[in-house]
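Novice: my_file23.cif is the file, holding mmCIF, N, CA and C atoms:
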```cif
data_upload
#
loop_
_atom_site.label_atom_id
_atom_site.label_comp_id
_atom_site.auth_asym_id
_atom_site.auth_seq_id
_atom_site.Cartn_x
_atom_site.Cartn_y
_atom_site.Cartn_z
N MET A 1 38.04 32.78 301.03
CA MET A 1 39.33 32.95 300.37
C MET A 1 40.05 31.60 300.35
N PRO A 2 40.57 31.18 299.18
CA PRO A 2 41.28 29.90 299.12
C PRO A 2 42.57 29.96 299.92
N LYS A 3 42.95 28.83 300.44
CA LYS A 3 44.19 28.75 301.21
C LYS A 3 45.39 28.91 300.28
N THR A 4 46.46 29.48 300.83
CA THR A 4 47.65 29.78 300.04
C THR A 4 48.90 29.40 300.82
N MET A 5 49.91 28.96 300.07
CA MET A 5 51.24 28.79 300.62
C MET A 5 52.09 29.93 300.07
N VAL A 6 52.88 30.54 300.93
CA VAL A 6 53.80 31.60 300.52
C VAL A 6 55.16 30.94 300.28
N VAL A 7 55.74 31.22 299.11
CA VAL A 7 57.03 30.62 298.75
C VAL A 7 58.03 31.74 298.51
N GLY A 8 59.07 31.80 299.33
CA GLY A 8 60.12 32.80 299.17
C GLY A 8 61.16 32.31 298.18
N VAL A 9 61.44 33.13 297.16
CA VAL A 9 62.43 32.75 296.16
C VAL A 9 63.46 33.87 295.99
N ASP A 10 64.72 33.46 295.83
CA ASP A 10 65.79 34.45 295.70
C ASP A 10 66.69 34.20 294.49
N GLY A 11 66.37 33.19 293.69
CA GLY A 11 67.19 32.88 292.53
C GLY A 11 68.18 31.77 292.77
N SER A 12 68.30 31.29 294.00
CA SER A 12 69.21 30.19 294.28
C SER A 12 68.57 28.87 293.88
N GLU A 13 69.40 27.85 293.68
CA GLU A 13 68.88 26.52 293.35
C GLU A 13 68.05 25.98 294.51
N ALA A 14 68.45 26.28 295.75
CA ALA A 14 67.69 25.80 296.90
C ALA A 14 66.28 26.39 296.91
N SER A 15 66.12 27.66 296.53
CA SER A 15 64.78 28.25 296.52
C SER A 15 63.96 27.71 295.36
N ALA A 16 64.59 27.42 294.23
CA ALA A 16 63.87 26.82 293.10
C ALA A 16 63.40 25.42 293.46
N LYS A 17 64.24 24.68 294.16
CA LYS A 17 63.87 23.33 294.60
C LYS A 17 62.70 23.40 295.59
N ALA A 18 62.75 24.35 296.50
CA ALA A 18 61.66 24.54 297.46
C ALA A 18 60.36 24.90 296.73
N ALA A 19 60.46 25.74 295.71
CA ALA A 19 59.28 26.12 294.93
C ALA A 19 58.69 24.92 294.20
N ARG A 20 59.55 24.08 293.63
CA ARG A 20 59.06 22.86 292.95
C ARG A 20 58.36 21.94 293.96
N TYR A 21 58.93 21.80 295.12
CA TYR A 21 58.31 20.98 296.16
C TYR A 21 56.98 21.58 296.60
N ALA A 22 56.92 22.89 296.71
CA ALA A 22 55.69 23.56 297.12
C ALA A 22 54.57 23.32 296.11
N VAL A 23 54.91 23.29 294.82
CA VAL A 23 53.89 23.00 293.80
C VAL A 23 53.33 21.60 293.99
N GLU A 24 54.19 20.64 294.24
CA GLU A 24 53.74 19.26 294.48
C GLU A 24 52.81 19.21 295.70
N LEU A 25 53.21 19.86 296.75
CA LEU A 25 52.43 19.88 297.98
C LEU A 25 51.10 20.60 297.77
N ALA A 26 51.14 21.73 297.09
CA ALA A 26 49.91 22.49 296.81
C ALA A 26 48.94 21.68 295.97
N SER A 27 49.48 20.92 295.03
CA SER A 27 48.64 20.07 294.19
C SER A 27 47.89 19.04 295.03
N ARG A 28 48.56 18.48 295.99
CA ARG A 28 47.94 17.46 296.87
C ARG A 28 46.96 18.07 297.87
N LEU A 29 47.28 19.27 298.35
CA LEU A 29 46.46 19.90 299.38
C LEU A 29 45.35 20.79 298.82
N GLY A 30 45.43 21.08 297.53
CA GLY A 30 44.42 21.94 296.92
C GLY A 30 44.56 23.40 297.32
N THR A 31 45.80 23.84 297.53
CA THR A 31 46.04 25.24 297.88
C THR A 31 46.68 25.97 296.70
N GLY A 32 46.69 27.28 296.75
CA GLY A 32 47.39 28.08 295.76
C GLY A 32 48.77 28.44 296.27
N LEU A 33 49.57 29.01 295.39
CA LEU A 33 50.92 29.45 295.76
C LEU A 33 51.08 30.94 295.47
N LEU A 34 51.75 31.61 296.37
CA LEU A 34 52.16 32.98 296.15
C LEU A 34 53.68 33.00 296.18
N LEU A 35 54.31 33.21 295.01
CA LEU A 35 55.76 33.31 294.94
C LEU A 35 56.15 34.74 295.30
N VAL A 36 57.08 34.88 296.23
CA VAL A 36 57.49 36.20 296.71
C VAL A 36 59.00 36.35 296.58
N HIS A 37 59.41 37.45 295.98
CA HIS A 37 60.83 37.81 295.91
C HIS A 37 61.00 39.13 296.63
N VAL A 38 61.92 39.17 297.59
CA VAL A 38 62.18 40.40 298.35
C VAL A 38 63.57 40.90 297.97
N VAL A 39 63.63 42.15 297.55
CA VAL A 39 64.92 42.79 297.33
C VAL A 39 65.43 43.17 298.72
N PRO A 40 66.51 42.52 299.18
CA PRO A 40 66.96 42.79 300.55
C PRO A 40 67.37 44.25 300.73
N SER A 41 66.94 44.83 301.85
CA SER A 41 67.39 46.19 302.14
C SER A 41 68.84 46.10 302.60
N VAL A 42 69.60 47.09 302.21
CA VAL A 42 71.02 47.10 302.53
C VAL A 42 71.34 48.39 303.27
N ALA A 43 72.02 48.27 304.39
CA ALA A 43 72.44 49.46 305.12
C ALA A 43 73.72 49.98 304.47
N VAL A 44 73.60 51.13 303.80
CA VAL A 44 74.73 51.70 303.08
C VAL A 44 74.83 53.18 303.44
N PRO A 45 76.04 53.69 303.56
CA PRO A 45 76.18 55.12 303.83
C PRO A 45 75.56 55.96 302.71
N ALA A 46 74.98 57.09 303.07
CA ALA A 46 74.37 57.97 302.07
C ALA A 46 75.40 58.36 301.02
N GLY A 47 75.00 58.29 299.76
CA GLY A 47 75.87 58.67 298.66
C GLY A 47 76.86 57.60 298.24
N ALA A 48 76.76 56.40 298.81
CA ALA A 48 77.69 55.32 298.43
C ALA A 48 77.49 54.97 296.96
N ILE A 49 78.57 54.79 296.26
CA ILE A 49 78.51 54.51 294.83
C ILE A 49 78.02 53.08 294.62
N GLY A 50 77.06 52.93 293.69
CA GLY A 50 76.59 51.60 293.33
C GLY A 50 75.35 51.15 294.08
N PHE A 51 74.86 51.91 295.05
CA PHE A 51 73.71 51.47 295.83
C PHE A 51 72.55 52.45 295.76
N GLY A 52 72.46 53.18 294.67
CA GLY A 52 71.38 54.14 294.53
C GLY A 52 70.15 53.52 293.92
N GLU A 53 69.33 54.38 293.35
CA GLU A 53 68.09 53.95 292.71
C GLU A 53 68.37 52.97 291.57
N GLU A 54 69.48 53.15 290.87
CA GLU A 54 69.82 52.23 289.77
C GLU A 54 70.00 50.81 290.29
N TRP A 55 70.65 50.67 291.43
CA TRP A 55 70.87 49.36 292.04
C TRP A 55 69.53 48.71 292.38
N LEU A 56 68.65 49.48 293.03
CA LEU A 56 67.33 48.95 293.37
C LEU A 56 66.54 48.57 292.13
N GLN A 57 66.58 49.41 291.11
CA GLN A 57 65.85 49.13 289.88
C GLN A 57 66.37 47.86 289.22
N ALA A 58 67.68 47.67 289.21
CA ALA A 58 68.26 46.46 288.62
C ALA A 58 67.78 45.22 289.37
N HIS A 59 67.69 45.31 290.69
CA HIS A 59 67.22 44.17 291.48
C HIS A 59 65.72 43.94 291.31
N ARG A 60 64.95 45.00 291.12
CA ARG A 60 63.52 44.84 290.83
C ARG A 60 63.31 44.10 289.51
N VAL A 61 64.07 44.52 288.50
CA VAL A 61 63.96 43.89 287.17
C VAL A 61 64.36 42.42 287.27
N ARG A 62 65.45 42.14 287.97
CA ARG A 62 65.90 40.76 288.16
C ARG A 62 64.84 39.94 288.90
N GLY A 63 64.24 40.53 289.93
CA GLY A 63 63.21 39.84 290.70
C GLY A 63 61.98 39.53 289.87
N GLU A 64 61.53 40.48 289.07
CA GLU A 64 60.37 40.25 288.18
C GLU A 64 60.66 39.14 287.19
N ALA A 65 61.87 39.16 286.59
CA ALA A 65 62.25 38.12 285.63
C ALA A 65 62.29 36.75 286.29
N LEU A 66 62.82 36.70 287.50
CA LEU A 66 62.88 35.45 288.25
C LEU A 66 61.47 34.91 288.52
N LEU A 67 60.58 35.77 288.97
CA LEU A 67 59.20 35.35 289.25
C LEU A 67 58.50 34.87 287.99
N ASP A 68 58.67 35.60 286.89
CA ASP A 68 58.06 35.19 285.62
C ASP A 68 58.57 33.82 285.18
N LEU A 69 59.87 33.62 285.27
CA LEU A 69 60.48 32.35 284.89
C LEU A 69 59.93 31.20 285.73
N LEU A 70 59.86 31.41 287.04
CA LEU A 70 59.36 30.35 287.92
C LEU A 70 57.89 30.04 287.67
N VAL A 71 57.08 31.07 287.47
CA VAL A 71 55.66 30.83 287.18
C VAL A 71 55.53 29.98 285.93
N ASN A 72 56.31 30.28 284.89
CA ASN A 72 56.26 29.50 283.65
C ASN A 72 56.74 28.07 283.86
N GLN A 73 57.78 27.88 284.66
CA GLN A 73 58.32 26.54 284.90
C GLN A 73 57.40 25.70 285.78
N LEU A 74 56.73 26.33 286.72
CA LEU A 74 55.96 25.59 287.72
C LEU A 74 54.49 25.44 287.37
N GLU A 75 54.03 26.11 286.34
CA GLU A 75 52.62 26.17 285.99
C GLU A 75 51.99 24.77 285.89
N ARG A 76 50.85 24.63 286.56
CA ARG A 76 50.04 23.42 286.52
C ARG A 76 48.59 23.82 286.58
N PRO A 77 47.73 23.10 285.86
CA PRO A 77 46.32 23.50 285.85
C PRO A 77 45.66 23.41 287.22
N GLU A 78 46.11 22.50 288.06
CA GLU A 78 45.44 22.31 289.35
C GLU A 78 45.97 23.22 290.47
N VAL A 79 46.99 24.03 290.17
CA VAL A 79 47.56 24.91 291.20
C VAL A 79 47.57 26.35 290.69
N ALA A 80 46.88 27.22 291.42
CA ALA A 80 46.90 28.65 291.08
C ALA A 80 48.18 29.26 291.63
N ILE A 81 48.99 29.82 290.74
CA ILE A 81 50.26 30.43 291.15
C ILE A 81 50.21 31.91 290.84
N SER A 82 50.45 32.72 291.87
CA SER A 82 50.55 34.16 291.66
C SER A 82 51.92 34.60 292.13
N LYS A 83 52.26 35.85 291.85
CA LYS A 83 53.59 36.33 292.21
C LYS A 83 53.51 37.71 292.84
N ARG A 84 54.52 38.02 293.63
CA ARG A 84 54.58 39.32 294.29
C ARG A 84 56.03 39.72 294.46
N LEU A 85 56.37 40.88 293.97
CA LEU A 85 57.70 41.42 294.15
C LEU A 85 57.64 42.47 295.24
N VAL A 86 58.52 42.36 296.21
CA VAL A 86 58.59 43.34 297.27
C VAL A 86 59.87 44.14 297.04
N ASP A 87 59.73 45.45 296.97
CA ASP A 87 60.87 46.28 296.62
C ASP A 87 62.07 46.07 297.54
N SER A 88 61.86 46.21 298.83
CA SER A 88 63.00 46.00 299.72
C SER A 88 62.51 45.74 301.13
N GLY A 89 63.39 45.14 301.89
CA GLY A 89 63.08 44.83 303.28
C GLY A 89 63.89 43.62 303.72
N SER A 90 63.66 43.22 304.94
CA SER A 90 64.27 42.00 305.45
C SER A 90 63.44 40.83 304.93
N PRO A 91 64.02 39.91 304.15
CA PRO A 91 63.23 38.82 303.59
C PRO A 91 62.43 38.04 304.63
N ALA A 92 63.03 37.73 305.76
CA ALA A 92 62.32 36.96 306.79
C ALA A 92 61.13 37.74 307.34
N VAL A 93 61.32 39.00 307.62
CA VAL A 93 60.23 39.83 308.16
C VAL A 93 59.12 39.98 307.13
N VAL A 94 59.49 40.26 305.88
CA VAL A 94 58.49 40.45 304.84
C VAL A 94 57.69 39.18 304.61
N LEU A 95 58.36 38.04 304.50
CA LEU A 95 57.65 36.77 304.29
C LEU A 95 56.73 36.46 305.45
N SER A 96 57.19 36.70 306.67
CA SER A 96 56.37 36.48 307.86
C SER A 96 55.14 37.37 307.85
N ASP A 97 55.33 38.64 307.52
CA ASP A 97 54.21 39.59 307.47
C ASP A 97 53.18 39.18 306.43
N ILE A 98 53.64 38.81 305.24
CA ILE A 98 52.73 38.40 304.18
C ILE A 98 51.95 37.15 304.59
N ALA A 99 52.64 36.19 305.18
CA ALA A 99 51.98 34.96 305.63
C ALA A 99 50.91 35.26 306.66
N GLY A 100 51.20 36.16 307.57
CA GLY A 100 50.22 36.54 308.59
C GLY A 100 49.03 37.26 307.99
N GLU A 101 49.28 38.20 307.08
CA GLU A 101 48.19 38.94 306.43
C GLU A 101 47.25 38.02 305.67
N LEU A 102 47.82 37.00 305.02
CA LEU A 102 47.02 36.09 304.20
C LEU A 102 46.46 34.91 304.98
N SER A 103 46.84 34.77 306.24
CA SER A 103 46.53 33.56 307.00
C SER A 103 46.93 32.33 306.19
N ALA A 104 48.15 32.37 305.70
CA ALA A 104 48.67 31.31 304.83
C ALA A 104 48.73 29.98 305.55
N GLU A 105 48.69 28.91 304.77
CA GLU A 105 48.85 27.56 305.31
C GLU A 105 50.25 27.38 305.87
N MET A 106 51.24 27.86 305.11
CA MET A 106 52.64 27.74 305.52
C MET A 106 53.49 28.63 304.62
N VAL A 107 54.75 28.76 305.01
CA VAL A 107 55.75 29.44 304.19
C VAL A 107 56.79 28.39 303.81
N VAL A 108 57.16 28.38 302.54
CA VAL A 108 58.16 27.44 302.05
C VAL A 108 59.36 28.23 301.55
N VAL A 109 60.55 27.90 302.04
CA VAL A 109 61.79 28.56 301.60
C VAL A 109 62.88 27.51 301.45
N GLY A 110 63.90 27.85 300.68
CA GLY A 110 65.05 26.97 300.55
C GLY A 110 65.90 27.03 301.81
N SER A 111 66.71 26.00 301.98
CA SER A 111 67.54 25.94 303.19
C SER A 111 68.76 26.85 303.11
N THR A 112 69.20 27.15 301.89
CA THR A 112 70.31 28.09 301.71
C THR A 112 69.98 29.00 300.56
N GLY A 113 70.39 30.24 300.68
CA GLY A 113 70.09 31.22 299.63
C GLY A 113 71.33 31.69 298.92
N LEU A 114 71.20 32.82 298.25
CA LEU A 114 72.30 33.36 297.46
C LEU A 114 73.33 34.11 298.29
N ASN A 115 72.92 34.74 299.37
CA ASN A 115 73.79 35.67 300.07
C ASN A 115 74.52 35.00 301.24
N THR A 116 75.61 34.31 300.96
CA THR A 116 76.34 33.59 302.00
C THR A 116 77.04 34.52 302.98
N VAL A 117 77.46 35.71 302.54
CA VAL A 117 78.12 36.65 303.45
C VAL A 117 77.14 37.09 304.53
N THR A 118 75.94 37.50 304.12
CA THR A 118 74.93 37.92 305.09
C THR A 118 74.58 36.77 306.03
N ARG A 119 74.47 35.57 305.48
CA ARG A 119 74.12 34.43 306.32
C ARG A 119 75.16 34.22 307.42
N ARG A 120 76.42 34.32 307.05
CA ARG A 120 77.48 34.13 308.06
C ARG A 120 77.44 35.21 309.14
N LEU A 121 77.09 36.43 308.75
CA LEU A 121 77.08 37.53 309.71
C LEU A 121 75.79 37.60 310.53
N LEU A 122 74.66 37.36 309.89
CA LEU A 122 73.37 37.60 310.54
C LEU A 122 72.50 36.37 310.74
N GLY A 123 72.85 35.25 310.14
CA GLY A 123 72.00 34.06 310.21
C GLY A 123 71.16 33.95 308.96
N SER A 124 70.63 32.77 308.73
CA SER A 124 69.88 32.54 307.49
C SER A 124 68.47 33.10 307.57
N VAL A 125 67.91 33.38 306.39
CA VAL A 125 66.52 33.82 306.30
C VAL A 125 65.61 32.73 306.87
N ALA A 126 65.88 31.47 306.50
CA ALA A 126 65.04 30.37 306.97
C ALA A 126 65.05 30.29 308.50
N ASP A 127 66.22 30.42 309.10
CA ASP A 127 66.32 30.34 310.56
C ASP A 127 65.55 31.48 311.21
N ARG A 128 65.72 32.68 310.71
CA ARG A 128 65.02 33.83 311.29
C ARG A 128 63.51 33.72 311.09
N LEU A 129 63.12 33.22 309.92
CA LEU A 129 61.70 33.07 309.60
C LEU A 129 61.01 32.10 310.55
N VAL A 130 61.69 31.03 310.91
CA VAL A 130 61.11 30.07 311.85
C VAL A 130 60.76 30.74 313.17
N HIS A 131 61.56 31.70 313.58
CA HIS A 131 61.32 32.38 314.86
C HIS A 131 60.26 33.48 314.77
N LEU A 132 60.08 34.06 313.59
CA LEU A 132 59.15 35.18 313.44
C LEU A 132 57.76 34.79 312.97
N CYS A 133 57.68 33.77 312.15
CA CYS A 133 56.47 33.51 311.36
C CYS A 133 55.32 32.96 312.20
N PRO A 134 54.11 33.50 311.96
CA PRO A 134 52.94 33.03 312.70
C PRO A 134 52.35 31.73 312.15
N VAL A 135 52.91 31.22 311.04
CA VAL A 135 52.43 29.96 310.45
C VAL A 135 53.63 29.03 310.30
N PRO A 136 53.38 27.73 310.05
CA PRO A 136 54.51 26.79 309.89
C PRO A 136 55.43 27.16 308.73
N VAL A 137 56.70 26.86 308.90
CA VAL A 137 57.72 27.12 307.89
C VAL A 137 58.33 25.80 307.46
N LEU A 138 58.38 25.60 306.13
CA LEU A 138 58.98 24.39 305.59
C LEU A 138 60.18 24.81 304.77
#
```
Can you give me the file's structure in the form of structure tokens?
Specialist:
Amino acid sequence: MPKTMVVGVDGSEASAKAARYAVELASRLGTGLLLVHVVPSVAVPAGAIGFGEEWLQAHRVRGEALLDLLVNQLERPEVAISKRLVDSGSPAVVLSDIAGELSAEMVVVGSTGLNTVTRRLLGSVADRLVHLCPVPVL
């Protein structure tokens, strides 16, 4: 199985920059890229307005569009780029699990993401990923 780098993307400029850097690195190392978008799970009271199946579906559609856009922007003949949308979960846990399952070379993420409120309350995805991930995190 060819070696792969897992790249977490959330639509932020920092994650797009990390993805561009990952393509450069993959080109030099001869690895493939797996772009991953995780729809963050949200703890919401049952029946809360705005957080039902419609909310999840809207985020799935947004995630697919984001992955398609990035694949088109980053495409290079020497780098195999694939994509994976994860319906929901903790982004750090999901990225760590995927990296472990694939025996990835590394995980690449941006230093800051879209959700600044969550970051202030719970810490960043990148910080949590460094502590969980079985492979190096860039």
Novice: Going by DSSP on the backbone, which residues of chain A come out as helix (DSSP H, G or I)? List them as a PyMOL selection string.
Specialist: chain A and resi 13-29+53-74+91-102+116-122+125-132
Novice: Using only C-alpha atoms, which of the listed residues (A:Ala99, A:Leu67, A:Val79, A:Val109) sits closest to Lys17 of chain A?
Specialist: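 That would be A:Val109, the residue with the smallest distance to Lys17 of chain A.
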Novice: Using atom N of Ser103 of chain A and atom N of Ala126 of chain A as the two end points, give the distance in Å to one decimal.
Specialist: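 We find that atom N of Ser103 of chain A and atom N of Ala126 of chain A lie 19.3 Å from each other.
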Novice: Would you mind telling me which residue in A:Lys83, A:Arg60, A:Arg76, A:His37 lies nearest to Gly11 of chain A when using only C-alpha atoms?
Specialist: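 Ranking A:Lys83, A:Arg60, A:Arg76, A:His37 by distance to Gly11 of chain A, first place goes to A:His37.
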Novice: Could you tell me which residues the PyMOL selection byres (((chain A and resi 20-28 and name CA) around 8) and name CA) grabs in this file, written as a VMD selection string?
Specialist: chain A and resid 5 7 16 to 19 29 to 33 74 78 to 79 108
Novice: Please report, as JSON, the centre and edge lengths in Å to one decimal of an axis-aligned box covering all listed atoms of segment 51-70 of chain A with 4 Å per side.
Specialist:
```
{"center_x": 66.4, "center_y": 42.2, "center_z": 290.4, "size_x": 25.0, "size_y": 32.3, "size_z": 18.9}
```
Novice: Please measure the separation of atom CA of Val135 of chain A and atom N of Val39 of chain A, giving the value in Å to one decimal.
Specialist: 21.0 Å
Novice: Could you write out, as a list in words, all the residues of segment 27-107 of chain A that DSSP marks as strand (DSSP E)?
Specialist: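 Those in segment 27-107 of chain A that DSSP calls strand (DSSP E) are Gly32, Leu33, Leu34, Leu35, Val36, His37, Val38, Val39, Pro40, Ile81, Ser82, Lys83, Arg84, Leu85, Val86, Asp87, Ser88, Gly89, Met106 and Val107 of chain A.
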Novice: So that I can see what lies close to Val61 of chain A, please list as a PDB file with N, CA and C atoms, in the coordinates of the input the residues with an atom at most 12 Å from it, counting only C-alpha atoms and leaving out residues fewer than 6 positions away in the same chain.
Specialist:
```pdb
ATOM      1  N   HIS A  37      59.410  37.450 295.980  1.00  0.00           N
ATOM      2  CA  HIS A  37      60.830  37.810 295.910  1.00  0.00           C
ATOM      3  C   HIS A  37      61.000  39.130 296.630  1.00  0.00           C
ATOM      4  N   VAL A  38      61.920  39.170 297.590  1.00  0.00           N
ATOM      5  CA  VAL A  38      62.180  40.400 298.350  1.00  0.00           C
ATOM      6  C   VAL A  38      63.570  40.900 297.970  1.00  0.00           C
ATOM      7  N   VAL A  39      63.630  42.150 297.550  1.00  0.00           N
ATOM      8  CA  VAL A  39      64.920  42.790 297.330  1.00  0.00           C
ATOM      9  C   VAL A  39      65.430  43.170 298.720  1.00  0.00           C
ATOM     10  N   GLU A  54      69.480  53.150 290.870  1.00  0.00           N
ATOM     11  CA  GLU A  54      69.820  52.230 289.770  1.00  0.00           C
ATOM     12  C   GLU A  54      70.000  50.810 290.290  1.00  0.00           C
ATOM     13  N   TRP A  55      70.650  50.670 291.430  1.00  0.00           N
ATOM     14  CA  TRP A  55      70.870  49.360 292.040  1.00  0.00           C
ATOM     15  C   TRP A  55      69.530  48.710 292.380  1.00  0.00           C
ATOM     16  N   LEU A  67      60.580  35.770 288.970  1.00  0.00           N
ATOM     17  CA  LEU A  67      59.200  35.350 289.250  1.00  0.00           C
ATOM     18  C   LEU A  67      58.500  34.870 287.990  1.00  0.00           C
ATOM     19  N   ASP A  68      58.670  35.600 286.890  1.00  0.00           N
ATOM     20  CA  ASP A  68      58.060  35.190 285.620  1.00  0.00           C
ATOM     21  C   ASP A  68      58.570  33.820 285.180  1.00  0.00           C
ATOM     22  N   LEU A  85      56.370  40.880 293.970  1.00  0.00           N
ATOM     23  CA  LEU A  85      57.700  41.420 294.150  1.00  0.00           C
ATOM     24  C   LEU A  85      57.640  42.470 295.240  1.00  0.00           C
ATOM     25  N   VAL A  86      58.520  42.360 296.210  1.00  0.00           N
ATOM     26  CA  VAL A  86      58.590  43.340 297.270  1.00  0.00           C
ATOM     27  C   VAL A  86      59.870  44.140 297.040  1.00  0.00           C
ATOM     28  N   ASP A  87      59.730  45.450 296.970  1.00  0.00           N
ATOM     29  CA  ASP A  87      60.870  46.280 296.620  1.00  0.00           C
ATOM     30  C   ASP A  87      62.070  46.070 297.540  1.00  0.00           C
TER      31      ASP A  87
END
```
